[in-house]
Each structure stands twice: as C-alpha cells, then as structure tokens.
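Before any comments, here is the structure.
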Amino acid sequence: MLAAPSTNYPNAAVSQPEPQQLVNWMPQTTAKFDYQPLSLALMAETLAEKDKDEIQKIGDERMDRDRETLTKDQKLLLFRNLSRAMALDRMMMRIIRAGRMTGFYHEGGLALAPGTAAGTFLHKDDILWPHYRGHGIAHTLAKGVDVKRYVAEHMGRQAGCCKGRSSYHFSFPGDHVFGSSGNIGANFGVCVGYGLAAKYKSSGQIVMNCSGDGSYGEGRCHEAMLMTANWKLPVIFWCEANGMMQHTSMKEAFPGPDISILAAGYGIPALIVDGQDVFACGEAALTALAHVRAGGGPFFVECKTLRAQEHSVGGVNYEGPIARDPELMQEWKANRDPLKLAGTRLIQEGLITQEGIETIRGEAELEADEMEAFSEASPKAMPSIEELLSAVYAA
C-alpha cells in the first residue's frame, strides 16, 4: 500500500513492502512526480504485530527523523556540479559527432542529476563505482576527480588515464575510483568486496555502487544485497532508473514500477526520489551516507530519471520494435531538464540571481572547452606491440 506523499519531504513518502500493481513505468505528462519510497526496514515481527496504519506511522516517523536536508551551500554546489557535468556531456557529444572519439559514447542527456548527487558528498577515500550512462562523468567530476585525462582517453590520446588504449575505460586509484566494466552487473560483486574490506579494516569508507535499473535483472544483485545486509557492509545501492534496458522497457522486464522493492526482501532501507530533481537526489544521498556511516549497513536509493535519446550515440531510440514517441522526448527536454529545474528553484528561494546562474554555466562551458583543448594537444596513442603486450596478464 502506497502512502500519501509526505509534506515534509515532497519528493519521497513512505510505503509498505507489499506487492504493487504493475503500472506504466515512465510518465506520459510533465506533471510533478510524487515517487514513493519503501518503508525503513520494518521487521517481520513488527509487520505481524501491528496494523497497517501503525506501521505507516512508524515509517513516517523514521523518515522524518532520519532524512537529511540541504544547506544553501550544498544546493549551490549541486547546481555547479550539475552544470559542469552537463557541459562536459555536451562537449563529449560534439567530439563523437565530429568523428574525433576513438570509441563510443552513451549520452547522459537529462539523466545526470543522480550521478551528480551520488558523487558530490563523498569523501576522497570513499569508493565509487560510477554508472556507465554519460560514462560516469557526472559521478567522477562531482567527487573531485580531474577528468580531463578521461576525456583524452576517449580521444585515444597519450595523456589519457589509460594512455589512450581503452576507448572509454578509466582508472583513478588515487581518487578511489578503480575502474568499471562493460559487463552489466559486474559492479555488485566487486562492491561487496570493497565494502567487506572497508569493514574489515575499519577504514570508515563508504562504497557508492551506481548502476541502472536494468542491472537489477542480474542475479548478482541479489547476492550482493544479501551479503551486504547480512554483514551490515557500508554499501549504498544507487539505482539510476530510466525505465529502459537498452531497447526494452522495464515494464516488460520487471513485475512492478519500483526496482527498490527488492531491497525490502533483505531488510535494506530504501528511498525513491525524482531523478530530475538534483536537490531531491542530494537529500537522498546525504540520508544514505548518514545511515551507512553510522554503521547501519547498506542503503538503497532509486532515482527515477529519464532517457530522452537512443541508448548509445548512433543507435536507434526504440522500445522493442517501435520508435519511442519523438514528441514526448522533446517534451521531456523542454520541461524536465534538471539544470533548468534546479536553477528556477534556486531563484525562487532567493539563493541566486539569473546573473549568477549564467556565470556558473559559463564557467562550466569554459572548463569543458579547456578539457577538450588539453586532449587535442596530446599526441595520439600509437603504442608498440611490445608495449601493448606488457599490459596483458592472461591470454
């Protein structure tokens, strides 16, 4: 049973971990989204002993007690980081369309607010596994990683973070971003290992485990949630849910509207927020981080976001055999752009002027241009056979 949205937390309310009726995954209008999070890990005996109204009251009280709110400085930081991420995403699109990228690119587009929030409040020694959408630029940029070498990597340049050999893979061990994989779901097992090491060493590190909703069709996600819950590991499951698995709608692949319902089966607390609202995502990130840092074990956040373009650049924007409605895609771009929404809210709250907005966006564009120039200035990677073989550890 879904609760009415909380007046104290308009982007999320509490609901019970019961089976939910299948509904259309993606909104067909631009109306305000009122997403519902799951209850905060109510125990089985509580469910058995108390009626639903009392259970709902317990959940509401816990949500009001545990939720985090953003300060002015935190809101401005999120806006700045989102501006930077979206400017860099546009620059990456210019590069690939001009034929200057050695590999491929999965455009971030309207879906960069969740990644921005996921990275912004991490400590330098916290471990981050970025989502591949936008190739993790929002996550890493917000965490403080110097990503110009990642841009160079995409362009096949010697200054790239992997010497221009990998197309889009990255490695920033000094920032505790240790790489990624094209294997969907590979993040789950690795992040359990990161979390187990952090707990074993009492390092105080948090593991931010980011992936899309499609990755939760992998059996490894269940193993990961079971292990992290059972051992109370410091892992955040950060699901950037755009409702699409490449060309398959999630409503065809999952028996309900919310991926985070899975967390309830393992007693993992969860939130669902509007992924087009970078401030809602930021509050969810702070709430999850506070819970995990306090030793509460894993936390699940589902950010409902939008993909208004094809899966990867040059592909087709299809849902099954049918093209997705181009008018709906344009409507989303016009009315659900997270940067426009965030800027409007900051102005309404008196936290910034329109001139301040333009200054931040201009600085973000300049930063992206400087990264492009840095990459262009680096020689193209032309490693010898001997050099390539020196990096092969098994064959």
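FYI, nothing fancy with the structure tokens labels: chains A, B, ... in order, residues from 1 per chain, ligands from 1 as they appear.
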
Extract, using only C-alpha atoms, all DNA, RNA and protein residues at most 10 Å from Ala284 of chain A, discarding same-chain residues fewer than 4 positions from it, and format them as a compact mmCIF listing (two decimals) with C-alpha atoms, in the first residue's frame.
# COMPACT_ATOMS: atom_id res chain seq x y z
CA ASN A 11 9.99 14.12 -3.32
CA ALA A 12 9.51 10.95 -1.31
CA ARG A 67 16.15 12.34 6.38
CA GLU A 68 18.81 14.93 5.68
CA THR A 69 18.16 18.43 4.35
CA PRO A 114 21.50 11.31 -9.93
CA ALA A 117 24.31 13.81 -6.30
CA ALA A 118 25.96 10.41 -5.88
CA TRP A 238 22.38 3.79 -6.08
CA ALA A 270 15.26 2.47 0.64
CA LEU A 271 14.19 5.77 -0.85
CA ILE A 272 12.66 6.64 -4.21
CA VAL A 273 13.18 10.18 -5.49
CA VAL A 278 19.11 17.20 -8.23
CA PHE A 279 18.20 18.50 -4.77
CA ALA A 280 15.95 15.51 -4.03
CA ALA A 288 22.01 7.23 2.73
CA LEU A 289 25.52 8.37 3.65
CA ALA A 290 24.49 9.28 7.20
CA PHE A 300 19.11 1.63 -1.40
CA VAL A 301 18.25 4.76 -3.39
CA GLU A 302 16.20 4.67 -6.59
CA CYS A 303 16.34 7.84 -8.69

message: What's around segment 166-173 of chain A at 10 Å? Count only C-alpha atoms, leave out sequence neighbours fewer than 6 positions away in its own chain, and write the answer as number ranges by chain.
response: A: 101-105, 125, 127, 132, 135-136, 140, 145-147, 149-157, 160, 179-182

Residues as selected, N, CA and C atoms, written as an mmCIF file, in the first residue's frame, can you do that?
data_model
loop_
_atom_site.group_PDB
_atom_site.id
_atom_site.type_symbol
_atom_site.label_atom_id
_atom_site.label_comp_id
_atom_site.auth_asym_id
_atom_site.auth_seq_id
_atom_site.Cartn_x
_atom_site.Cartn_y
_atom_site.Cartn_z
ATOM 1 N N MET A 101 36.316 10.881 -31.602
ATOM 2 C CA MET A 101 36.341 9.945 -30.484
ATOM 3 C C MET A 101 36.680 8.557 -31.011
ATOM 4 N N THR A 102 37.574 7.868 -30.328
ATOM 5 C CA THR A 102 38.033 6.578 -30.848
ATOM 6 C C THR A 102 37.036 5.450 -30.611
ATOM 7 N N GLY A 103 36.160 5.616 -29.660
ATOM 8 C CA GLY A 103 35.207 4.555 -29.346
ATOM 9 C C GLY A 103 33.777 5.018 -29.498
ATOM 10 N N PHE A 104 33.005 4.892 -28.442
ATOM 11 C CA PHE A 104 31.591 5.228 -28.486
ATOM 12 C C PHE A 104 31.224 5.996 -27.217
ATOM 13 N N TYR A 105 29.976 6.435 -27.152
ATOM 14 C CA TYR A 105 29.551 7.231 -26.000
ATOM 15 C C TYR A 105 28.070 6.991 -25.738
ATOM 16 N N ASP A 125 38.402 9.392 0.131
ATOM 17 C CA ASP A 125 38.748 7.970 0.256
ATOM 18 C C ASP A 125 37.552 7.047 0.163
ATOM 19 N N ILE A 127 34.808 4.923 -1.856
ATOM 20 C CA ILE A 127 34.979 4.190 -3.109
ATOM 21 C C ILE A 127 33.745 4.385 -3.986
ATOM 22 N N TYR A 132 27.437 3.688 -16.077
ATOM 23 C CA TYR A 132 28.023 3.927 -17.396
ATOM 24 C C TYR A 132 27.305 5.026 -18.177
ATOM 25 N N HIS A 135 29.054 7.834 -19.191
ATOM 26 C CA HIS A 135 30.367 7.264 -18.880
ATOM 27 C C HIS A 135 30.898 7.709 -17.524
ATOM 28 N N GLY A 136 29.965 7.950 -16.605
ATOM 29 C CA GLY A 136 30.357 8.239 -15.229
ATOM 30 C C GLY A 136 30.931 9.621 -15.015
ATOM 31 N N THR A 140 32.149 11.104 -11.287
ATOM 32 C CA THR A 140 33.566 11.338 -11.008
ATOM 33 C C THR A 140 33.887 12.816 -10.876
ATOM 34 N N VAL A 145 37.330 14.230 -9.035
ATOM 35 C CA VAL A 145 38.319 13.632 -9.924
ATOM 36 C C VAL A 145 38.638 14.618 -11.055
ATOM 37 N N ASP A 146 39.915 14.741 -11.402
ATOM 38 C CA ASP A 146 40.332 15.545 -12.550
ATOM 39 C C ASP A 146 40.084 14.716 -13.804
ATOM 40 N N VAL A 147 38.970 14.971 -14.478
ATOM 41 C CA VAL A 147 38.523 14.074 -15.544
ATOM 42 C C VAL A 147 39.059 14.448 -16.928
ATOM 43 N N ARG A 149 41.846 13.851 -18.163
ATOM 44 C CA ARG A 149 42.556 12.688 -18.708
ATOM 45 C C ARG A 149 41.577 11.623 -19.192
ATOM 46 N N TYR A 150 40.363 11.630 -18.639
ATOM 47 C CA TYR A 150 39.332 10.700 -19.106
ATOM 48 C C TYR A 150 38.806 11.138 -20.467
ATOM 49 N N VAL A 151 38.689 12.450 -20.666
ATOM 50 C CA VAL A 151 38.306 12.965 -21.985
ATOM 51 C C VAL A 151 39.370 12.571 -23.006
ATOM 52 N N ALA A 152 40.646 12.754 -22.633
ATOM 53 C CA ALA A 152 41.741 12.375 -23.531
ATOM 54 C C ALA A 152 41.710 10.884 -23.852
ATOM 55 N N GLU A 153 41.312 10.067 -22.889
ATOM 56 C CA GLU A 153 41.198 8.628 -23.120
ATOM 57 C C GLU A 153 40.179 8.334 -24.211
ATOM 58 N N HIS A 154 39.045 9.016 -24.165
ATOM 59 C CA HIS A 154 38.020 8.832 -25.196
ATOM 60 C C HIS A 154 38.539 9.200 -26.585
ATOM 61 N N MET A 155 39.489 10.130 -26.628
ATOM 62 C CA MET A 155 40.017 10.605 -27.903
ATOM 63 C C MET A 155 41.269 9.845 -28.333
ATOM 64 N N GLY A 156 41.631 8.795 -27.554
ATOM 65 C CA GLY A 156 42.770 7.970 -27.923
ATOM 66 C C GLY A 156 44.091 8.692 -27.828
ATOM 67 N N ARG A 157 44.262 9.515 -26.807
ATOM 68 C CA ARG A 157 45.474 10.321 -26.656
ATOM 69 C C ARG A 157 46.385 9.766 -25.560
ATOM 70 N N GLY A 160 45.682 10.224 -21.889
ATOM 71 C CA GLY A 160 44.509 9.569 -21.313
ATOM 72 C C GLY A 160 44.835 8.794 -20.054
ATOM 73 N N GLY A 179 37.906 1.740 -11.626
ATOM 74 C CA GLY A 179 37.607 1.237 -12.948
ATOM 75 C C GLY A 179 36.158 0.805 -13.076
ATOM 76 N N SER A 180 35.850 0.220 -14.198
ATOM 77 C CA SER A 180 34.483 -0.226 -14.466
ATOM 78 C C SER A 180 34.542 -1.403 -15.417
ATOM 79 N N SER A 181 33.391 -1.841 -15.869
ATOM 80 C CA SER A 181 33.322 -2.986 -16.772
ATOM 81 C C SER A 181 32.132 -2.827 -17.696
ATOM 82 N N GLY A 182 32.283 -3.308 -18.924
ATOM 83 C CA GLY A 182 31.159 -3.326 -19.843
ATOM 84 C C GLY A 182 30.180 -4.449 -19.543
#

statement: Judged by only C-alpha atoms, the minimum distance to Phe237 of chain A among A:Phe374, A:Tyr216, A:Tyr200, A:Tyr393 is found for A:Tyr216

task: Compile the contact shell of Ser215 of chain A as a ChimeraX atom specification: residues with an atom at most 12 Å away, counting only C-alpha atoms, same-chain residues fewer than 2 positions apart removed.
output: /A:131-132,182-188,209-213,217-222,237-246,250,253-254,259

task: Record the distance separating atom CA of Val192 of chain A and atom CA of Ile236 of chain A, expressed in Å with one decimal.
output: 10.3 Å

- request: Could you find all residues in segment 197-391 of chain A that DSSP calls strand (DSSP E) from the backbone, and write them as a ChimeraX atom specification?
  value: /A:207-212,235-241,244-245,248-249,270-274,299-304,318-319,322-323

task: Identify, on the basis of only C-alpha atoms, every residue whose closest approach to segment 331-347 of chain A does not exceed 7 Å; exclude the query and any residue fewer than 3 positions from it along the same chain; express the result as a list in words.
output: Thr30, Phe79, Leu82, Ser83, Leu110, Ala113, Gln276, Asp277, Val278, Ala308, Glu327, Leu328, Gly350, Leu351, Ile352, Thr353 and Ile357 of chain A

Can you spit out the residues from that selection as a short mmCIF file (atom, residue, chain, number, x, y, z; two decimals), in the first residue's frame, using C-alpha atoms?
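The resulting file, again-v3.cif, is reproduced below:
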data_model
loop_
_atom_site.label_atom_id
_atom_site.label_comp_id
_atom_site.auth_asym_id
_atom_site.auth_seq_id
_atom_site.Cartn_x
_atom_site.Cartn_y
_atom_site.Cartn_z
CA THR A 30 5.27 16.64 -17.39
CA PHE A 79 23.90 23.11 -9.13
CA LEU A 82 25.39 19.51 -12.45
CA SER A 83 26.25 22.46 -14.71
CA LEU A 110 18.64 14.56 -18.97
CA ALA A 113 21.33 14.69 -11.75
CA GLN A 276 15.19 15.06 -12.45
CA ASP A 277 15.43 16.95 -9.14
CA VAL A 278 19.11 17.20 -8.23
CA ALA A 308 15.22 11.06 -23.97
CA GLU A 327 7.22 14.46 -29.30
CA LEU A 328 7.38 13.00 -25.78
CA GLY A 350 16.34 33.66 -3.31
CA LEU A 351 19.62 31.74 -3.25
CA ILE A 352 20.97 33.09 -6.54
CA THR A 353 20.18 35.58 -9.31
CA ILE A 357 23.14 31.21 -12.91
#

Considering only C-alpha atoms, return as an mmCIF file with C-alpha atoms, in the first residue's frame whatever protein or nucleic-acid residues lie within 12 Å of Lys143 of chain A, sequence-local ones (same chain, fewer than 5 positions apart) excluded.
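Contents of the output file result.cif:
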data_model
loop_
_atom_site.group_PDB
_atom_site.id
_atom_site.type_symbol
_atom_site.label_atom_id
_atom_site.label_comp_id
_atom_site.auth_asym_id
_atom_site.auth_seq_id
_atom_site.Cartn_x
_atom_site.Cartn_y
_atom_site.Cartn_z
ATOM 1 C CA LEU A 77 27.421 23.038 -5.021
ATOM 2 C CA LEU A 78 24.992 20.545 -6.542
ATOM 3 C CA ASN A 81 28.461 20.254 -10.335
ATOM 4 C CA LEU A 82 25.389 19.512 -12.453
ATOM 5 C CA ALA A 85 28.541 17.570 -15.849
ATOM 6 C CA GLY A 115 25.192 10.852 -10.731
ATOM 7 C CA THR A 116 25.957 14.410 -9.668
ATOM 8 C CA ALA A 117 24.306 13.813 -6.300
ATOM 9 C CA ALA A 118 25.963 10.413 -5.880
ATOM 10 C CA GLY A 119 29.449 11.895 -6.153
ATOM 11 C CA THR A 120 29.123 15.336 -4.586
ATOM 12 C CA PHE A 121 29.090 14.391 -0.893
ATOM 13 C CA LEU A 122 31.560 11.503 -0.947
ATOM 14 C CA HIS A 123 34.871 11.777 0.875
ATOM 15 C CA LYS A 124 38.039 11.439 -1.178
ATOM 16 C CA ASP A 125 38.748 7.970 0.256
ATOM 17 C CA ASP A 126 35.190 6.717 -0.287
ATOM 18 C CA ILE A 127 34.979 4.190 -3.109
ATOM 19 C CA LEU A 128 32.906 4.987 -6.183
ATOM 20 C CA TRP A 129 31.674 2.704 -8.957
ATOM 21 C CA PRO A 130 30.037 5.088 -11.464
ATOM 22 C CA GLY A 136 30.357 8.239 -15.229
ATOM 23 C CA ILE A 137 31.454 11.833 -15.846
ATOM 24 C CA ALA A 138 28.825 13.287 -13.506
ATOM 25 C CA PHE A 172 41.709 6.819 -10.897
ATOM 26 C CA GLY A 174 44.230 7.985 -6.132
ATOM 27 C CA ASP A 175 40.567 9.026 -6.002
ATOM 28 C CA HIS A 176 39.361 5.513 -5.113
ATOM 29 C CA VAL A 177 37.669 5.063 -8.478
ATOM 30 C CA MET A 208 28.825 4.183 -3.666
#

field: Members of segment 101-347 of chain A assigned helix (DSSP H, G or I) by DSSP, as a PyMOL selection string
entry: chain A and resi 109-111+113-120+133-143+148-154+173-175+186-201+213-217+219-231+250-253+261-264+278-293+326-335+338-347
